[in-house]
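Structure file final_33.cif (mmCIF, C-alpha atoms; chains and numbers go by the auth columns) is printed below.
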```
data_model
loop_
_atom_site.group_PDB
_atom_site.id
_atom_site.type_symbol
_atom_site.label_atom_id
_atom_site.label_comp_id
_atom_site.label_asym_id
_atom_site.label_seq_id
_atom_site.Cartn_x
_atom_site.Cartn_y
_atom_site.Cartn_z
_atom_site.B_iso_or_equiv
_atom_site.auth_seq_id
_atom_site.auth_asym_id
ATOM 1 C CA MET A 1 49.010 12.806 18.789 0.00 1 A
ATOM 2 C CA ARG A 2 52.233 12.975 16.645 0.00 2 A
ATOM 3 C CA ASN A 3 50.951 15.771 14.403 0.00 3 A
ATOM 4 C CA ILE A 4 54.121 17.859 14.676 0.00 4 A
ATOM 5 C CA GLN A 5 56.385 14.827 14.363 0.00 5 A
ATOM 6 C CA ASP A 6 54.583 13.753 11.182 0.00 6 A
ATOM 7 C CA THR A 7 54.900 17.262 9.758 0.00 7 A
ATOM 8 C CA ILE A 8 58.634 17.249 10.463 0.00 8 A
ATOM 9 C CA LYS A 9 58.980 13.876 8.738 0.00 9 A
ATOM 10 C CA LYS A 10 57.028 14.845 5.609 0.00 10 A
ATOM 11 C CA THR A 11 58.852 18.159 5.261 0.00 11 A
ATOM 12 C CA LEU A 12 62.332 16.684 5.593 0.00 12 A
ATOM 13 C CA ILE A 13 61.611 13.829 3.200 0.00 13 A
ATOM 14 C CA LYS A 14 60.365 16.320 0.629 0.00 14 A
ATOM 15 C CA ASP A 15 63.276 18.728 1.047 0.00 15 A
ATOM 16 C CA PHE A 16 66.238 16.394 1.606 0.00 16 A
ATOM 17 C CA ASN A 17 65.296 12.902 0.363 0.00 17 A
ATOM 18 C CA PRO A 18 67.208 11.362 3.290 0.00 18 A
ATOM 19 C CA SER A 19 68.448 7.778 3.346 0.00 19 A
ATOM 20 C CA VAL A 20 68.132 7.813 7.147 0.00 20 A
ATOM 21 C CA LEU A 21 65.627 9.880 9.057 0.00 21 A
ATOM 22 C CA LYS A 22 65.022 9.395 12.762 0.00 22 A
ATOM 23 C CA ILE A 23 62.794 11.784 14.642 0.00 23 A
ATOM 24 C CA VAL A 24 62.604 11.212 18.367 0.00 24 A
ATOM 25 C CA ASN A 25 60.107 13.074 20.513 0.00 25 A
ATOM 26 C CA GLU A 26 62.113 13.804 23.656 0.00 26 A
ATOM 27 C CA SER A 27 59.452 15.947 25.286 0.00 27 A
ATOM 28 C CA TYR A 28 58.951 13.357 28.045 0.00 28 A
ATOM 29 C CA MET A 29 62.462 14.240 29.262 0.00 29 A
ATOM 30 C CA HIS A 30 61.360 17.796 30.041 0.00 30 A
ATOM 31 C CA SER A 31 58.835 19.526 32.284 0.00 31 A
ATOM 32 C CA VAL A 32 55.982 19.596 29.794 0.00 32 A
ATOM 33 C CA PRO A 33 52.468 18.135 29.717 0.00 33 A
ATOM 34 C CA ARG A 34 52.008 14.441 28.960 0.00 34 A
ATOM 35 C CA ASN A 35 52.025 13.676 25.192 0.00 35 A
ATOM 36 C CA ALA A 36 53.576 17.066 24.396 0.00 36 A
ATOM 37 C CA GLU A 37 55.436 17.658 21.147 0.00 37 A
ATOM 38 C CA THR A 38 57.914 20.313 22.213 0.00 38 A
ATOM 39 C CA HIS A 39 61.404 18.762 22.131 0.00 39 A
ATOM 40 C CA PHE A 40 62.774 16.639 19.290 0.00 40 A
ATOM 41 C CA LYS A 41 66.021 14.963 18.290 0.00 41 A
ATOM 42 C CA LEU A 42 66.615 14.608 14.582 0.00 42 A
ATOM 43 C CA VAL A 43 69.063 12.317 12.810 0.00 43 A
ATOM 44 C CA ILE A 44 69.137 12.997 9.101 0.00 44 A
ATOM 45 C CA VAL A 45 71.455 11.507 6.485 0.00 45 A
ATOM 46 C CA SER A 46 71.459 13.021 3.026 0.00 46 A
ATOM 47 C CA ASP A 47 74.041 13.734 0.380 0.00 47 A
ATOM 48 C CA PHE A 48 72.442 17.160 0.248 0.00 48 A
ATOM 49 C CA PHE A 49 74.843 17.933 3.132 0.00 49 A
ATOM 50 C CA ILE A 50 78.064 17.134 1.268 0.00 50 A
ATOM 51 C CA ASN A 51 80.665 19.886 1.735 0.00 51 A
ATOM 52 C CA LEU A 52 78.432 21.907 4.064 0.00 52 A
ATOM 53 C CA SER A 53 79.547 22.885 7.554 0.00 53 A
ATOM 54 C CA GLN A 54 77.409 21.838 10.510 0.00 54 A
ATOM 55 C CA VAL A 55 76.277 25.440 10.906 0.00 55 A
ATOM 56 C CA LYS A 56 75.065 25.603 7.284 0.00 56 A
ATOM 57 C CA ARG A 57 73.356 22.217 7.635 0.00 57 A
ATOM 58 C CA HIS A 58 71.519 23.388 10.723 0.00 58 A
ATOM 59 C CA LYS A 59 70.494 26.618 9.023 0.00 59 A
ATOM 60 C CA ILE A 60 68.968 24.822 6.031 0.00 60 A
ATOM 61 C CA VAL A 61 67.168 22.318 8.253 0.00 61 A
ATOM 62 C CA TYR A 62 65.775 25.169 10.368 0.00 62 A
ATOM 63 C CA LYS A 63 64.735 26.993 7.190 0.00 63 A
ATOM 64 C CA SER A 64 63.004 23.856 5.911 0.00 64 A
ATOM 65 C CA LEU A 65 61.146 23.531 9.228 0.00 65 A
ATOM 66 C CA GLU A 66 60.490 27.252 9.616 0.00 66 A
ATOM 67 C CA ASP A 67 56.752 26.869 10.300 0.00 67 A
ATOM 68 C CA VAL A 68 57.240 23.892 12.619 0.00 68 A
ATOM 69 C CA MET A 69 59.871 25.721 14.639 0.00 69 A
ATOM 70 C CA LYS A 70 57.218 28.223 15.705 0.00 70 A
ATOM 71 C CA GLN A 71 55.361 25.367 17.425 0.00 71 A
ATOM 72 C CA ILE A 72 58.183 23.614 19.284 0.00 72 A
ATOM 73 C CA HIS A 73 60.721 24.562 21.933 0.00 73 A
ATOM 74 C CA ALA A 74 63.846 22.627 20.919 0.00 74 A
ATOM 75 C CA LEU A 75 65.305 20.643 18.040 0.00 75 A
ATOM 76 C CA SER A 76 68.587 18.750 18.329 0.00 76 A
ATOM 77 C CA ILE A 77 69.991 18.150 14.838 0.00 77 A
ATOM 78 C CA HIS A 78 72.463 15.418 13.913 0.00 78 A
ATOM 79 C CA SER A 79 73.065 15.814 10.179 0.00 79 A
ATOM 80 C CA PHE A 80 75.400 13.723 8.055 0.00 80 A
ATOM 81 C CA ASP A 81 76.156 12.971 4.462 0.00 81 A
ATOM 82 C CA GLU A 82 76.225 9.279 3.491 0.00 82 A
ATOM 83 C CA LYS A 83 79.996 8.897 3.803 0.00 83 A
ATOM 84 C CA GLU A 84 80.135 10.521 7.262 0.00 84 A
ATOM 85 C CA TYR A 85 77.292 8.406 8.581 0.00 85 A
ATOM 86 C CA SER A 86 78.785 5.160 7.261 0.00 86 A
ATOM 87 C CA LYS A 87 81.986 5.913 9.214 0.00 87 A
ATOM 88 C CA ASN A 88 80.195 6.579 12.518 0.00 88 A
ATOM 89 C CA PRO A 89 76.443 5.921 12.806 0.00 89 A
ATOM 90 C CA ILE A 90 76.393 6.214 16.616 0.00 90 A
ATOM 91 C CA ILE A 91 74.200 9.003 17.964 0.00 91 A
ATOM 92 C CA LEU A 92 74.560 9.945 21.624 0.00 92 A
ATOM 93 C CA ASP A 93 71.562 9.937 23.930 0.00 93 A
ATOM 94 C CA SER A 94 70.274 13.295 25.057 0.00 94 A
ATOM 95 C CA PRO A 95 70.509 14.190 28.743 0.00 95 A
ATOM 96 C CA ASN A 96 67.392 14.758 30.846 0.00 96 A
ATOM 97 C CA CYS A 97 66.353 18.330 31.421 0.00 97 A
ATOM 98 C CA VAL A 98 67.627 19.794 34.693 0.00 98 A
ATOM 99 C CA ASN A 99 64.132 21.138 35.401 0.00 99 A
ATOM 100 C CA LYS A 100 62.422 17.759 34.949 0.00 100 A
ATOM 101 C CA ARG A 101 60.161 16.976 37.882 0.00 101 A
#
```

Rendering of file as structure tokens:
Amino acid sequence: MRNIQDTIKKTLIKDFNPSVLKIVNESYMHSVPRNAETHFKLVIVSDFFINLSQVKRHKIVYKSLEDVMKQIHALSIHSFDEKEYSKNPIILDSPNCVNKR
């Protein structure tokens, strides 16, 4: 299926030219139909984020994905500039949804 995931990838590459881009479909961790594309975790590394707060980074990522956001339920964003990511590239796993059956 991966239509939404591919759209996210293409959009972020175009807008941020990231050196690292990981998009994980975490929908299986939630109470959604099989093969759903509703919950994603995003790891993006770009010097576009230099000197921007996490709030501003999230806002510009959401703005970039404005059309996609209308189609999904949740997006977890882990955004870094190159220097930040080189110091600590470890991304924590997301917890399972409390409503997961």

**Asked** What is the distance, in Å and to one decimal place, between CA of Ile44 in chain A and CA of Asn25 in chain A?
**Response** 14.6 Å

Give me the range 47-74 of chain A side of the contact with range 12-17 of chain A, cut-off 8 Å, one line per residue showing its nearest atom pair and distance in Å at one decimal, counting only C-alpha atoms, sorted by chain and residue number, as a tab-separated table.
```
residue	atom	partner	partner_atom	distance
A:Phe48	CA	A:Phe16	CA	6.4
A:Val61	CA	A:Leu12	CA	7.9
A:Ser64	CA	A:Asp15	CA	7.1
A:Leu65	CA	A:Leu12	CA	7.8
```

Those residues you just picked out, can you put them in a file as an mmCIF file, keeping the file's coordinate frame with C-alpha atoms?
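Result file follows (result.cif):
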```cif
data_model
loop_
_atom_site.group_PDB
_atom_site.id
_atom_site.type_symbol
_atom_site.label_atom_id
_atom_site.label_comp_id
_atom_site.auth_asym_id
_atom_site.auth_seq_id
_atom_site.Cartn_x
_atom_site.Cartn_y
_atom_site.Cartn_z
ATOM 1 C CA PHE A 48 72.442 17.160 0.248
ATOM 2 C CA VAL A 61 67.168 22.318 8.253
ATOM 3 C CA SER A 64 63.004 23.856 5.911
ATOM 4 C CA LEU A 65 61.146 23.531 9.228
#
```

Mind listing as a CSV table (one decimal) with C-alpha atoms, keeping the file's coordinate frame all residues within 7 Å of (62.4, 15.7, 9.4), counting all atoms listed in the file?
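For reference, part.csv as written:
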```csv
chain,number,residue,atom,x,y,z
A,8,ILE,CA,58.6,17.2,10.5
A,9,LYS,CA,59.0,13.9,8.7
A,10,LYS,CA,57.0,14.8,5.6
A,11,THR,CA,58.9,18.2,5.3
A,12,LEU,CA,62.3,16.7,5.6
A,13,ILE,CA,61.6,13.8,3.2
A,21,LEU,CA,65.6,9.9,9.1
A,23,ILE,CA,62.8,11.8,14.6
A,42,LEU,CA,66.6,14.6,14.6
```

**Prompt:** Written as a count of residues only, which residues does the PyMOL selection byres ((chain A and resi 47) around 12) give for the file shown?
**Reply:** 23

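Between CA of Val43 in chain A and CA of His78 in chain A there is a distance of 4.7 Å.
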
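With all atoms listed in the file as the atoms that count, the minimum distance from Val24 in chain A to the choices A:Lys56, A:His39, A:Lys87, A:Lys63 is reached by A:His39.
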
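Nearest-residue note for Lys22 in chain A: choosing from A:Val55, A:Ser76, A:Lys70, A:Asn88, the minimum distance belongs to A:Ser76, counting only C-alpha atoms.
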
Listed atoms of range 4-10 of chain A, axis-aligned box, 4 Å per side: centre and edge lengths to one decimal in Å, as JSON?
```
{"center_x": 56.6, "center_y": 15.8, "center_z": 10.1, "size_x": 12.9, "size_y": 12.1, "size_z": 17.1}
```
